[in-house]
file final-v9.csv (CSV, C-alpha atoms)
chain,number,residue,atom,x,y,z
R,12,MET,CA,-129.0,34.8,45.9
R,13,LEU,CA,-126.7,37.4,47.4
R,14,TYR,CA,-124.3,36.1,49.9
R,15,LYS,CA,-123.2,38.6,52.6
R,16,ALA,CA,-119.9,38.7,54.4
R,17,ASP,CA,-119.8,37.9,58.1
R,18,VAL,CA,-119.1,41.2,59.6
R,19,THR,CA,-119.1,39.9,63.2
R,20,MET,CA,-115.3,39.7,63.4
R,21,ARG,CA,-112.6,40.1,66.0
R,22,ASP,CA,-111.4,43.6,66.6
R,23,ASP,CA,-108.2,42.7,64.8
R,24,ASP,CA,-110.0,41.6,61.7
R,25,ILE,CA,-111.2,43.6,58.7
R,26,SER,CA,-113.6,46.4,59.5
R,27,LEU,CA,-116.3,47.6,57.1
R,28,GLY,CA,-116.0,51.4,57.2
R,29,PRO,CA,-118.2,53.9,55.3
R,30,HIS,CA,-116.4,53.3,52.0
R,31,LEU,CA,-116.1,49.6,52.5
R,32,ALA,CA,-119.7,48.7,53.1
R,33,LYS,CA,-120.2,48.4,49.4
R,34,ILE,CA,-117.8,45.4,49.2
R,35,ALA,CA,-119.7,43.1,51.6
R,36,ALA,CA,-120.8,40.7,48.7
R,37,VAL,CA,-118.7,37.6,48.7
R,38,MET,CA,-118.2,34.6,46.4
R,39,PRO,CA,-121.0,32.1,46.5
R,40,PRO,CA,-120.0,28.6,47.7
R,41,SER,CA,-120.9,26.8,44.5
R,42,LYS,CA,-118.0,26.4,42.1
R,43,ASN,CA,-120.3,27.0,39.1
R,44,GLN,CA,-121.8,30.2,40.4
R,45,ALA,CA,-120.4,33.6,39.4
R,46,ILE,CA,-119.5,36.2,42.0
R,47,VAL,CA,-122.4,38.7,42.4
R,48,ARG,CA,-121.6,41.9,40.6
R,49,VAL,CA,-120.2,44.4,42.9
R,50,GLU,CA,-118.8,47.9,42.7
R,51,PRO,CA,-115.0,47.7,42.3
R,52,ILE,CA,-112.9,48.4,45.4
R,53,ARG,CA,-110.8,51.4,44.7
R,54,MET,CA,-107.2,50.9,45.8
R,55,ALA,CA,-104.3,53.3,45.9
R,56,PHE,CA,-100.6,52.4,46.4
R,57,LEU,CA,-98.5,55.1,47.9
R,58,LEU,CA,-94.8,54.5,46.8
R,59,VAL,CA,-92.1,56.3,48.7
R,60,PRO,CA,-88.4,56.4,47.7
R,61,GLU,CA,-86.6,53.0,48.2
R,62,PHE,CA,-89.9,51.2,48.4
R,63,PRO,CA,-89.6,47.3,48.3
R,64,MET,CA,-90.5,46.1,44.8
R,65,LEU,CA,-91.1,42.4,45.9
R,66,ALA,CA,-93.6,43.4,48.6
R,67,PHE,CA,-95.3,45.9,46.3
R,68,ALA,CA,-95.7,43.4,43.5
R,69,SER,CA,-96.8,40.7,46.0
R,70,ALA,CA,-99.6,43.1,47.1
R,71,LEU,CA,-100.7,44.3,43.7
R,72,GLU,CA,-100.6,41.1,41.6
R,73,PRO,CA,-103.2,39.2,43.6
R,74,LEU,CA,-105.7,42.0,42.8
R,75,ARG,CA,-105.0,41.6,39.1
R,76,VAL,CA,-105.4,37.9,39.2
R,77,ALA,CA,-108.6,38.1,41.3
R,78,ASN,CA,-110.1,40.3,38.6
R,79,ARG,CA,-109.1,37.7,36.0
R,80,MET,CA,-110.4,34.7,37.9
R,81,ALA,CA,-113.7,36.4,38.8
R,82,GLU,CA,-114.1,37.6,35.2
R,83,GLN,CA,-115.1,41.0,36.5
R,84,THR,CA,-113.4,44.1,38.0
R,85,LEU,CA,-113.3,43.5,41.7
R,86,PHE,CA,-110.4,45.9,42.2
R,87,GLU,CA,-109.2,49.0,40.6
R,88,TRP,CA,-105.9,50.7,41.6
R,89,ARG,CA,-103.8,53.8,41.1
R,90,LEU,CA,-100.2,54.4,41.9
R,91,VAL,CA,-99.4,57.6,43.8
R,92,THR,CA,-96.2,59.3,45.1
R,93,LEU,CA,-95.9,62.2,47.4
R,94,ASP,CA,-95.3,64.8,44.6
R,95,GLY,CA,-96.7,62.9,41.6
R,96,ARG,CA,-93.2,62.4,40.2
R,97,PRO,CA,-91.5,59.0,39.3
R,98,VAL,CA,-90.0,57.1,42.3
R,99,ALA,CA,-87.3,54.5,42.4
R,100,ALA,CA,-87.6,51.2,44.3
R,101,SER,CA,-84.8,49.9,46.4
R,102,ASN,CA,-83.7,47.8,43.4
R,103,GLY,CA,-83.4,51.0,41.2
R,104,ILE,CA,-86.4,50.4,39.1
R,105,VAL,CA,-88.3,53.6,38.5
R,106,ILE,CA,-92.1,53.7,38.6
R,107,THR,CA,-94.2,56.5,37.1
R,108,PRO,CA,-97.3,57.1,39.2
R,109,HIS,CA,-100.8,58.1,38.1
R,110,GLU,CA,-101.0,61.2,40.4
R,111,SER,CA,-99.7,62.8,43.6
R,112,LEU,CA,-100.9,61.9,47.1
R,113,GLU,CA,-102.4,65.4,47.5
R,114,SER,CA,-104.6,65.0,44.4
R,115,LEU,CA,-105.8,61.5,45.4
R,116,ASP,CA,-109.6,61.6,45.9
R,117,ARG,CA,-111.0,59.3,48.5
R,118,PRO,CA,-109.9,55.8,47.7
R,119,ASP,CA,-111.5,52.9,49.5
R,120,ILE,CA,-108.1,51.6,50.6
R,121,LEU,CA,-104.7,53.3,50.7
R,122,VAL,CA,-101.7,50.9,50.9
R,123,VAL,CA,-98.4,52.6,51.9
R,124,CYS,CA,-95.2,50.8,50.6
R,125,VAL,CA,-92.0,51.6,52.6
R,126,GLY,CA,-88.8,49.7,52.6
R,127,LEU,CA,-85.4,51.3,53.3
R,128,GLU,CA,-85.1,54.5,55.3
R,129,PRO,CA,-88.4,54.3,57.2
R,130,LEU,CA,-87.5,57.5,59.1
R,131,GLN,CA,-86.9,59.6,56.0
R,132,PHE,CA,-90.0,61.8,56.6
R,133,GLY,CA,-89.4,62.5,60.3
R,134,ARG,CA,-92.2,62.8,62.8
R,135,SER,CA,-94.1,65.7,61.2
R,136,HIS,CA,-94.4,65.8,57.4
R,137,LYS,CA,-97.2,66.6,54.9
R,138,ILE,CA,-97.3,62.9,54.0
R,139,HIS,CA,-98.7,62.2,57.5
R,140,HIS,CA,-101.3,64.9,57.0
R,141,HIS,CA,-102.5,63.4,53.7
R,142,MET,CA,-102.7,59.9,55.3
R,143,ARG,CA,-104.8,61.2,58.1
R,144,ARG,CA,-107.0,63.1,55.7
R,145,ILE,CA,-107.7,60.0,53.7
R,146,ALA,CA,-108.3,57.9,56.8
R,147,LEU,CA,-110.8,60.5,58.1
R,148,HIS,CA,-112.7,60.2,54.9
R,149,GLY,CA,-113.4,56.5,55.8
R,150,ALA,CA,-110.6,54.7,53.9
R,151,MET,CA,-108.9,51.6,55.1
R,152,ILE,CA,-105.1,52.3,55.5
R,153,GLY,CA,-102.5,49.6,55.0
R,154,GLY,CA,-98.8,49.6,55.5
R,155,ILE,CA,-96.3,47.2,53.9
R,156,SER,CA,-92.8,46.3,55.2
R,157,SER,CA,-91.6,49.3,57.3
R,158,ALA,CA,-94.6,51.5,56.5
R,159,ALA,CA,-95.8,51.0,60.1
R,160,PHE,CA,-93.4,53.8,60.9
R,161,LEU,CA,-95.3,56.3,58.7
R,162,LEU,CA,-98.6,55.1,60.0
R,163,ALA,CA,-97.5,55.5,63.6
R,164,ASP,CA,-96.0,58.9,63.0
R,165,ALA,CA,-99.3,59.9,61.4
R,166,GLY,CA,-101.1,58.8,64.6
R,167,LEU,CA,-103.0,55.9,62.9
R,168,LEU,CA,-101.6,53.1,65.1
R,169,ASN,CA,-102.6,54.6,68.5
R,170,GLU,CA,-104.0,51.8,70.7
R,171,ARG,CA,-103.7,49.3,67.8
R,172,ARG,CA,-101.8,46.1,67.0
R,173,ALA,CA,-99.3,46.3,64.2
R,174,THR,CA,-96.4,44.5,62.6
R,175,VAL,CA,-93.3,45.5,60.8
R,176,HIS,CA,-90.4,43.8,59.0
R,177,TRP,CA,-88.4,41.9,61.7
R,178,GLU,CA,-85.2,43.9,60.9
R,179,TYR,CA,-86.9,47.1,62.1
R,180,ALA,CA,-88.8,45.6,65.1
R,181,GLU,CA,-86.5,46.8,67.9
R,182,LEU,CA,-86.2,50.3,66.3
R,183,PHE,CA,-90.0,50.5,66.1
R,184,ARG,CA,-90.5,49.5,69.7
R,185,GLN,CA,-88.1,52.1,70.9
R,186,ARG,CA,-89.7,54.8,68.8
R,187,PHE,CA,-93.3,53.8,69.4
R,188,PRO,CA,-93.5,52.0,72.8
R,189,THR,CA,-97.3,52.4,73.1
R,190,VAL,CA,-98.0,50.5,69.8
R,191,LYS,CA,-98.8,46.8,70.4
R,192,LEU,CA,-96.2,45.4,68.1
R,193,SER,CA,-96.6,41.8,66.9
R,194,ARG,CA,-94.1,39.5,65.2
R,195,ALA,CA,-96.9,38.2,62.9
R,196,LEU,CA,-96.8,38.2,59.1
R,197,TYR,CA,-99.7,40.6,59.0
R,198,VAL,CA,-102.1,42.3,61.4
R,199,PHE,CA,-105.6,43.6,60.7
R,200,ASP,CA,-106.9,45.9,63.4
R,201,ARG,CA,-110.2,47.4,62.4
R,202,GLU,CA,-109.7,49.8,59.5
R,203,ILE,CA,-105.9,49.6,59.7
R,204,PHE,CA,-103.7,46.7,58.5
R,205,THR,CA,-99.9,46.3,58.5
R,206,CYS,CA,-97.8,43.7,56.7
R,207,SER,CA,-94.2,42.7,57.4
R,208,GLY,CA,-93.3,42.8,53.8
R,209,GLY,CA,-91.7,40.5,51.2
R,210,THR,CA,-93.9,37.6,50.2
R,211,ALA,CA,-96.1,38.1,53.3
R,212,ALA,CA,-97.8,40.8,51.2
R,213,LEU,CA,-99.1,37.9,49.0
R,214,ASP,CA,-100.6,36.2,52.1
R,215,THR,CA,-102.0,39.5,53.3
R,216,MET,CA,-103.9,40.3,50.1
R,217,SER,CA,-105.0,36.6,49.7
R,218,TYR,CA,-106.5,36.8,53.2
R,219,PHE,CA,-108.2,40.1,52.3
R,220,ILE,CA,-109.6,38.6,49.1
R,221,GLY,CA,-110.9,35.6,51.1
R,222,GLN,CA,-112.6,37.8,53.6
R,223,LYS,CA,-114.3,39.9,51.0
R,224,PHE,CA,-115.0,37.4,48.2
R,225,GLY,CA,-114.7,34.0,49.8
R,226,PRO,CA,-111.9,31.4,50.4
R,227,GLN,CA,-112.4,29.7,47.1
R,228,LEU,CA,-111.4,32.8,45.1
R,229,ALA,CA,-108.5,33.5,47.6
R,230,HIS,CA,-107.0,30.0,47.1
R,231,THR,CA,-107.5,30.2,43.3
R,232,VAL,CA,-105.6,33.4,43.3
R,233,ALA,CA,-102.8,32.1,45.5
R,234,GLU,CA,-102.4,29.0,43.4
R,235,GLN,CA,-101.7,31.1,40.4
R,236,PHE,CA,-98.5,32.2,42.1
R,237,ILE,CA,-97.6,28.6,43.0
R,238,HIS,CA,-98.5,29.5,46.6
R,239,PRO,CA,-100.7,26.5,47.6
R,240,ARG,CA,-101.0,27.5,51.3
R,241,ILE,CA,-102.1,31.0,52.4
R,242,ARG,CA,-100.2,31.6,55.6
R,243,GLY,CA,-102.2,32.8,58.6
R,244,ASP,CA,-101.8,36.1,60.4
R,245,GLU,CA,-100.5,34.3,63.5
R,246,GLU,CA,-97.5,32.9,61.8
R,247,GLU,CA,-94.1,34.5,62.6
R,248,GLN,CA,-91.8,36.1,60.1
R,249,ARG,CA,-88.5,34.3,60.8
R,250,ALA,CA,-87.5,30.7,61.1
R,251,GLU,CA,-86.9,29.3,64.6
R,252,ILE,CA,-83.4,30.1,66.0
R,253,GLN,CA,-82.4,26.4,65.9
R,254,ASP,CA,-83.2,26.3,62.2
R,255,ARG,CA,-81.5,29.7,61.4
R,256,TYR,CA,-78.2,28.7,63.0
R,257,SER,CA,-78.4,25.0,62.4
R,258,ILE,CA,-78.0,24.1,66.1
R,259,ALA,CA,-79.4,21.3,68.1
R,260,SER,CA,-79.3,22.6,71.7
R,261,ALA,CA,-82.4,24.2,73.1
R,262,ARG,CA,-80.3,25.9,75.7
R,263,LEU,CA,-78.1,27.5,73.1
R,264,ALA,CA,-81.1,28.7,71.2
R,265,LYS,CA,-82.4,30.3,74.4
R,266,ALA,CA,-79.1,32.1,75.0
R,267,ILE,CA,-79.2,33.4,71.4
R,268,GLU,CA,-82.8,34.5,71.8
R,269,LEU,CA,-81.8,36.5,74.9
R,270,MET,CA,-78.9,38.1,73.1
R,271,GLU,CA,-81.0,39.1,70.1
R,272,SER,CA,-83.7,40.6,72.3
R,273,ALA,CA,-81.1,42.8,74.1
R,274,LEU,CA,-78.8,44.3,71.5
R,275,ASP,CA,-79.1,47.9,72.8
R,276,VAL,CA,-78.4,47.0,76.4
R,277,PRO,CA,-76.2,43.9,76.3
R,278,LEU,CA,-76.6,41.3,79.0
R,279,SER,CA,-73.6,39.9,80.8
R,280,LEU,CA,-72.6,36.3,80.3
R,281,ARG,CA,-73.6,35.6,83.9
R,282,GLU,CA,-77.1,37.1,83.3
R,283,ILE,CA,-77.6,35.0,80.2
R,284,ALA,CA,-76.4,31.9,82.0
R,285,LYS,CA,-78.8,32.5,84.9
R,286,LYS,CA,-81.8,33.0,82.6
R,287,VAL,CA,-80.9,29.8,80.6
R,288,GLY,CA,-80.5,27.9,83.9
R,289,VAL,CA,-76.8,26.8,83.4
R,290,SER,CA,-73.4,28.1,84.4
R,291,ALA,CA,-71.5,30.7,82.5
R,292,ARG,CA,-68.9,28.0,81.6
R,293,GLN,CA,-71.6,25.8,80.2
R,294,VAL,CA,-72.8,28.7,78.0
R,295,GLU,CA,-69.3,29.1,76.7
R,296,ARG,CA,-69.1,25.4,76.0
R,297,LEU,CA,-72.4,25.4,74.1
R,298,PHE,CA,-71.2,28.1,71.8
R,299,ALA,CA,-67.8,26.5,71.3
R,300,ASP,CA,-69.3,23.1,70.5
R,301,GLU,CA,-72.0,24.2,68.0
R,302,LEU,CA,-70.9,27.5,66.6
R,303,GLN,CA,-67.1,27.4,67.2
R,304,LEU,CA,-67.3,30.9,68.7
R,305,ALA,CA,-67.1,32.5,72.1
R,306,PRO,CA,-70.5,33.8,73.3
R,307,THR,CA,-69.0,37.3,73.6
R,308,VAL,CA,-67.8,37.2,70.0
R,309,PHE,CA,-71.1,36.0,68.7
R,310,TYR,CA,-73.0,38.7,70.7
R,311,ARG,CA,-70.7,41.4,69.3
R,312,GLN,CA,-71.3,40.1,65.8
R,313,ARG,CA,-75.1,40.4,66.2
R,314,ARG,CA,-74.7,44.0,67.6
R,315,LEU,CA,-72.4,45.0,64.7
R,316,GLU,CA,-74.9,43.6,62.2
R,317,ARG,CA,-77.6,45.6,63.9
R,318,ALA,CA,-75.4,48.7,63.6
R,319,ARG,CA,-74.7,48.1,59.9
R,320,ALA,CA,-78.4,47.7,59.2
R,321,LEU,CA,-79.2,50.9,60.9
R,322,LEU,CA,-76.5,52.8,59.1
R,323,ARG,CA,-77.6,51.5,55.7
R,324,GLN,CA,-81.3,51.7,56.2
R,325,THR,CA,-82.1,54.6,58.4
R,326,LEU,CA,-81.0,58.3,58.8
R,327,GLN,CA,-80.3,57.9,62.5
R,328,PRO,CA,-77.2,59.9,63.7
R,329,VAL,CA,-74.2,57.6,64.2
R,330,ARG,CA,-74.3,58.4,67.9
R,331,ASP,CA,-77.9,57.0,68.1
R,332,VAL,CA,-76.8,53.9,66.1
R,333,ALA,CA,-74.1,53.3,68.6
R,334,LEU,CA,-76.5,53.4,71.5
R,335,ASP,CA,-79.1,51.3,69.7
R,336,SER,CA,-76.6,48.6,69.0
R,337,GLY,CA,-75.2,48.5,72.6
R,338,PHE,CA,-71.8,50.3,72.0
R,339,GLY,CA,-72.4,53.2,74.3
R,340,SER,CA,-70.5,55.8,72.3
R,341,THR,CA,-69.5,56.7,68.8
R,342,ALA,CA,-65.9,56.1,69.5
R,343,HIS,CA,-66.5,52.6,70.8
R,344,LEU,CA,-68.7,51.7,67.8
R,345,SER,CA,-66.1,53.1,65.3
R,346,ARG,CA,-63.3,51.0,66.7
R,347,ALA,CA,-65.3,47.8,66.6
R,348,TYR,CA,-66.8,48.6,63.2
R,349,ARG,CA,-63.5,49.3,61.5
R,350,LYS,CA,-62.1,46.1,62.9
R,351,ALA,CA,-65.1,44.0,61.7
R,352,PHE,CA,-65.8,45.7,58.4
R,353,GLY,CA,-62.7,47.7,57.4
R,354,CYS,CA,-64.4,51.1,57.5
R,355,THR,CA,-65.9,53.5,59.9
R,356,PRO,CA,-69.6,53.9,60.5
R,357,SER,CA,-69.6,57.3,58.6
R,358,GLU,CA,-67.8,55.7,55.7
R,359,GLU,CA,-70.4,52.9,55.7
R,360,ARG,CA,-73.2,55.4,55.5
R,361,ALA,CA,-71.5,57.4,52.7
R,362,ARG,CA,-71.1,54.2,50.7
R,363,SER,CA,-74.7,53.2,51.3
R,364,ARG,CA,-75.9,56.7,50.1
R,365,GLY,CA,-73.8,56.3,47.0
R,366,ARG,CA,-75.3,52.9,46.2
R,367,SER,CA,-78.8,54.2,46.5
R,368,ALA,CA,-78.2,57.5,44.6
call {"tool": "encode", "arguments": {"input": "final-v9.csv", "output": "structure tokens"}}
result
Amino acid sequence: MLYKADVTMRDDDISLGPHLAKIAAVMPPSKNQAIVRVEPIRMAFLLVPEFPMLAFASALEPLRVANRMAEQTLFEWRLVTLDGRPVAASNGIVITPHESLESLDRPDILVVCVGLEPLQFGRSHKIHHHMRRIALHGAMIGGISSAAFLLADAGLLNERRATVHWEYAELFRQRFPTVKLSRALYVFDREIFTCSGGTAALDTMSYFIGQKFGPQLAHTVAEQFIHPRIRGDEEEQRAEIQDRYSIASARLAKAIELMESALDVPLSLREIAKKVGVSARQVERLFADELQLAPTVFYRQRRLERARALLRQTLQPVRDVALDSGFGSTAHLSRAYRKAFGCTPSEERARSRGRSA
């Protein structure tokens, strides 16, 4: 008996487009039955410079294991780069692709892997053209880590939900205010999916395998990676603030949450206190008791960390970095940055380029 997938799903679940209708067969419920023979799903992984190796491997390896566990080829894949030349991951490992993006012929699914420097292609580049071309031919398009930037610049996230690595979330919101950004590990919205990166790629592909070939195979695959629980798409990327900072006070956690959500336009201590429901002096006491820091010092540290991440991981002008981290001007950022890190923002960027060269 042929078991069919339930295609009556939420809008944010996997959609069966023209190319994907062939993969509706799923794993029968009986442990002793084999999966019905299906035509392999043709995957392509687009690797851009500085792509994240962990996220890439976490997305690819479940496909390999699914083939092995099913004892048939459920997935085939090819590695592509923009120009067909070898590309280095953020850890320096160089991958030789099978072909260029331009020569790629109608895959069922294209997975774009982007890590550092998500703005490296700007807003209009031939990479966006080729992504749109592949999407128009009916392929599902996925983005891993900071690939949501490329998908959005290509116009593929219009009126859709998406996620991105938490470190880039505020930058993404500023650049694409109309995209419905989620803090979830991964988001499937019809024929587009986005994944926050890291080990969440393992959960993303396990979920996909479960949707297409049944939960039994998905969990069998996950357990091969000592990953006994497939995290759901509704789970958040980061630990709760109280766990991250090892603090007990819910009011202090709320104050920190307010600070972290307003790094570009810093709130005053009085504004924070009002939103938390305590006095400014009580906020100061909470920070002193649990973190041994003044709230203004803590806030500035978070903004400087934001500036350092932007300098190291994007091509934004220093002036824009200053504005996005709440310093107002390049001079203001430079003074604070030198005091905190012993170098200017420009020197930081030069060092970062040297490390990645």
call {"tool": "closest_residue", "arguments": {"input": "final-v9.csv", "among": "R:Pro188, R:Glu87, R:Asp300, R:Asn78", "to": "Ala163 of chain R", "atoms": "all atoms listed in the file"}}
result
R:Pro188
call {"tool": "closest_atom_pairs", "arguments": {"input": "final-v9.csv", "of": "segment 57-161 of chain R", "to": "segment 315-322 of chain R", "cutoff": "12 Å", "atoms": "only C-alpha atoms", "output": "JSON lines"}}
result
{"residue": "R:Leu127", "atom": "CA", "partner": "R:Leu321", "partner_atom": "CA", "distance": 9.8}
{"residue": "R:Glu128", "atom": "CA", "partner": "R:Leu321", "partner_atom": "CA", "distance": 8.9}
{"residue": "R:Pro129", "atom": "CA", "partner": "R:Leu321", "partner_atom": "CA", "distance": 10.5}
{"residue": "R:Leu130", "atom": "CA", "partner": "R:Leu321", "partner_atom": "CA", "distance": 10.8}
call {"tool": "atom_distance", "arguments": {"input": "final-v9.csv", "atom1": "atom CA of Lys350 of chain R", "atom2": "atom CA of Val329 of chain R"}}
result
16.7 Å
call {"tool": "atom_distance", "arguments": {"input": "final-v9.csv", "atom1": "atom CA of Ala250 of chain R", "atom2": "atom CA of Leu263 of chain R"}}
result
15.6 Å
call {"tool": "atom_distance", "arguments": {"input": "final-v9.csv", "atom1": "atom CA of Ser336 of chain R", "atom2": "atom CA of Arg314 of chain R"}}
result
5.2 Å
call {"tool": "residues_around", "arguments": {"input": "final-v9.csv", "residues": "Arg240 of chain R", "least_positions_apart": "3", "cutoff": "9 Å", "atoms": "all atoms listed in the file", "output": "list in words"}}
result
Asp214, His230, Ala233 and Glu234 of chain R
call {"tool": "residues_around", "arguments": {"input": "final-v9.csv", "residues": "Lys285 of chain R", "least_positions_apart": "4", "cutoff": "12 Å", "atoms": "all atoms listed in the file", "output": "VMD selection string"}}
result
chain R and resid 262 265 to 266 269 278 to 281 289 to 294
call {"tool": "residues_around", "arguments": {"input": "final-v9.csv", "residues": "Pro277 of chain R", "least_positions_apart": "2", "cutoff": "12 Å", "atoms": "all atoms listed in the file", "output": "count of residues only"}}
result
25
call {"tool": "residues_around", "arguments": {"input": "final-v9.csv", "residues": "Ala229 of chain R", "least_positions_apart": "3", "cutoff": "7 Å", "atoms": "all atoms listed in the file", "output": "ChimeraX atom specification"}}
result
/R:217-218,220-221,225-226,232-233
call {"tool": "closest_residue", "arguments": {"input": "final-v9.csv", "among": "R:Leu162, R:Arg96, R:Ala77, R:Ser101", "to": "Pro63 of chain R", "atoms": "all atoms listed in the file"}}
result
R:Ser101
call {"tool": "closest_residue", "arguments": {"input": "final-v9.csv", "among": "R:Gly208, R:Leu121, R:Glu178, R:Ala173", "to": "Leu192 of chain R", "atoms": "all atoms listed in the file"}}
result
R:Ala173
call {"tool": "residues_around", "arguments": {"input": "final-v9.csv", "residues": "segment 131-133 of chain R", "least_positions_apart": "3", "cutoff": "9 Å", "atoms": "all atoms listed in the file", "output": "list in words"}}
result
Leu127, Glu128, His136, Lys137, Ile138, His139, Leu161, Asp164, Thr325 and Leu326 of chain R
call {"tool": "closest_residue", "arguments": {"input": "final-v9.csv", "among": "R:Leu85, R:Ala211, R:Val125, R:Ala351", "to": "Leu228 of chain R", "atoms": "all atoms listed in the file"}}
result
R:Leu85
call {"tool": "closest_residue", "arguments": {"input": "final-v9.csv", "among": "R:Leu93, R:Leu297, R:Leu65, R:Leu147", "to": "Thr107 of chain R", "atoms": "all atoms listed in the file"}}
result
R:Leu93
call {"tool": "closest_residue", "arguments": {"input": "final-v9.csv", "among": "R:Ala55, R:Ala99, R:Leu304, R:Ile258", "to": "Ala70 of chain R", "atoms": "only C-alpha atoms"}}
result
R:Ala55
call {"tool": "decode", "arguments": {"input": "final-v9.csv", "residues": "segment 279-293 of chain R", "atoms": "N, CA and C atoms", "output": "PDB file, in the first residue's frame"}}
result
ATOM      1  N   SER R 279      16.801  55.490  28.240  1.00  0.00           N
ATOM      2  CA  SER R 279      17.364  56.082  29.454  1.00  0.00           C
ATOM      3  C   SER R 279      17.078  55.163  30.638  1.00  0.00           C
ATOM      4  N   LEU R 280      17.846  55.345  31.718  1.00  0.00           N
ATOM      5  CA  LEU R 280      17.635  54.530  32.911  1.00  0.00           C
ATOM      6  C   LEU R 280      16.226  54.742  33.447  1.00  0.00           C
ATOM      7  N   ARG R 281      15.734  55.961  33.360  1.00  0.00           N
ATOM      8  CA  ARG R 281      14.384  56.248  33.842  1.00  0.00           C
ATOM      9  C   ARG R 281      13.339  55.513  33.005  1.00  0.00           C
ATOM     10  N   GLU R 282      13.544  55.476  31.691  1.00  0.00           N
ATOM     11  CA  GLU R 282      12.602  54.765  30.822  1.00  0.00           C
ATOM     12  C   GLU R 282      12.599  53.273  31.134  1.00  0.00           C
ATOM     13  N   ILE R 283      13.768  52.711  31.336  1.00  0.00           N
ATOM     14  CA  ILE R 283      13.867  51.289  31.663  1.00  0.00           C
ATOM     15  C   ILE R 283      13.163  51.002  32.980  1.00  0.00           C
ATOM     16  N   ALA R 284      13.426  51.840  33.987  1.00  0.00           N
ATOM     17  CA  ALA R 284      12.816  51.645  35.300  1.00  0.00           C
ATOM     18  C   ALA R 284      11.290  51.699  35.217  1.00  0.00           C
ATOM     19  N   LYS R 285      10.785  52.637  34.433  1.00  0.00           N
ATOM     20  CA  LYS R 285       9.336  52.779  34.297  1.00  0.00           C
ATOM     21  C   LYS R 285       8.725  51.540  33.661  1.00  0.00           C
ATOM     22  N   LYS R 286       9.379  51.016  32.629  1.00  0.00           N
ATOM     23  CA  LYS R 286       8.857  49.829  31.954  1.00  0.00           C
ATOM     24  C   LYS R 286       8.938  48.590  32.840  1.00  0.00           C
ATOM     25  N   VAL R 287       9.952  48.532  33.704  1.00  0.00           N
ATOM     26  CA  VAL R 287      10.098  47.391  34.613  1.00  0.00           C
ATOM     27  C   VAL R 287       9.133  47.515  35.790  1.00  0.00           C
ATOM     28  N   GLY R 288       8.780  48.751  36.129  1.00  0.00           N
ATOM     29  CA  GLY R 288       7.867  48.971  37.245  1.00  0.00           C
ATOM     30  C   GLY R 288       8.556  49.227  38.571  1.00  0.00           C
ATOM     31  N   VAL R 289       9.781  49.738  38.517  1.00  0.00           N
ATOM     32  CA  VAL R 289      10.535  50.057  39.733  1.00  0.00           C
ATOM     33  C   VAL R 289      11.176  51.431  39.546  1.00  0.00           C
ATOM     34  N   SER R 290      11.851  51.893  40.560  1.00  0.00           N
ATOM     35  CA  SER R 290      12.536  53.173  40.453  1.00  0.00           C
ATOM     36  C   SER R 290      13.902  52.986  39.791  1.00  0.00           C
ATOM     37  N   ALA R 291      14.471  54.091  39.308  1.00  0.00           N
ATOM     38  CA  ALA R 291      15.803  54.035  38.705  1.00  0.00           C
ATOM     39  C   ALA R 291      16.833  53.544  39.712  1.00  0.00           C
ATOM     40  N   ARG R 292      16.686  53.962  40.966  1.00  0.00           N
ATOM     41  CA  ARG R 292      17.632  53.516  41.997  1.00  0.00           C
ATOM     42  C   ARG R 292      17.525  52.013  42.227  1.00  0.00           C
ATOM     43  N   GLN R 293      16.321  51.487  42.159  1.00  0.00           N
ATOM     44  CA  GLN R 293      16.156  50.036  42.325  1.00  0.00           C
ATOM     45  C   GLN R 293      16.808  49.273  41.170  1.00  0.00           C
TER      46      GLN R 293
END
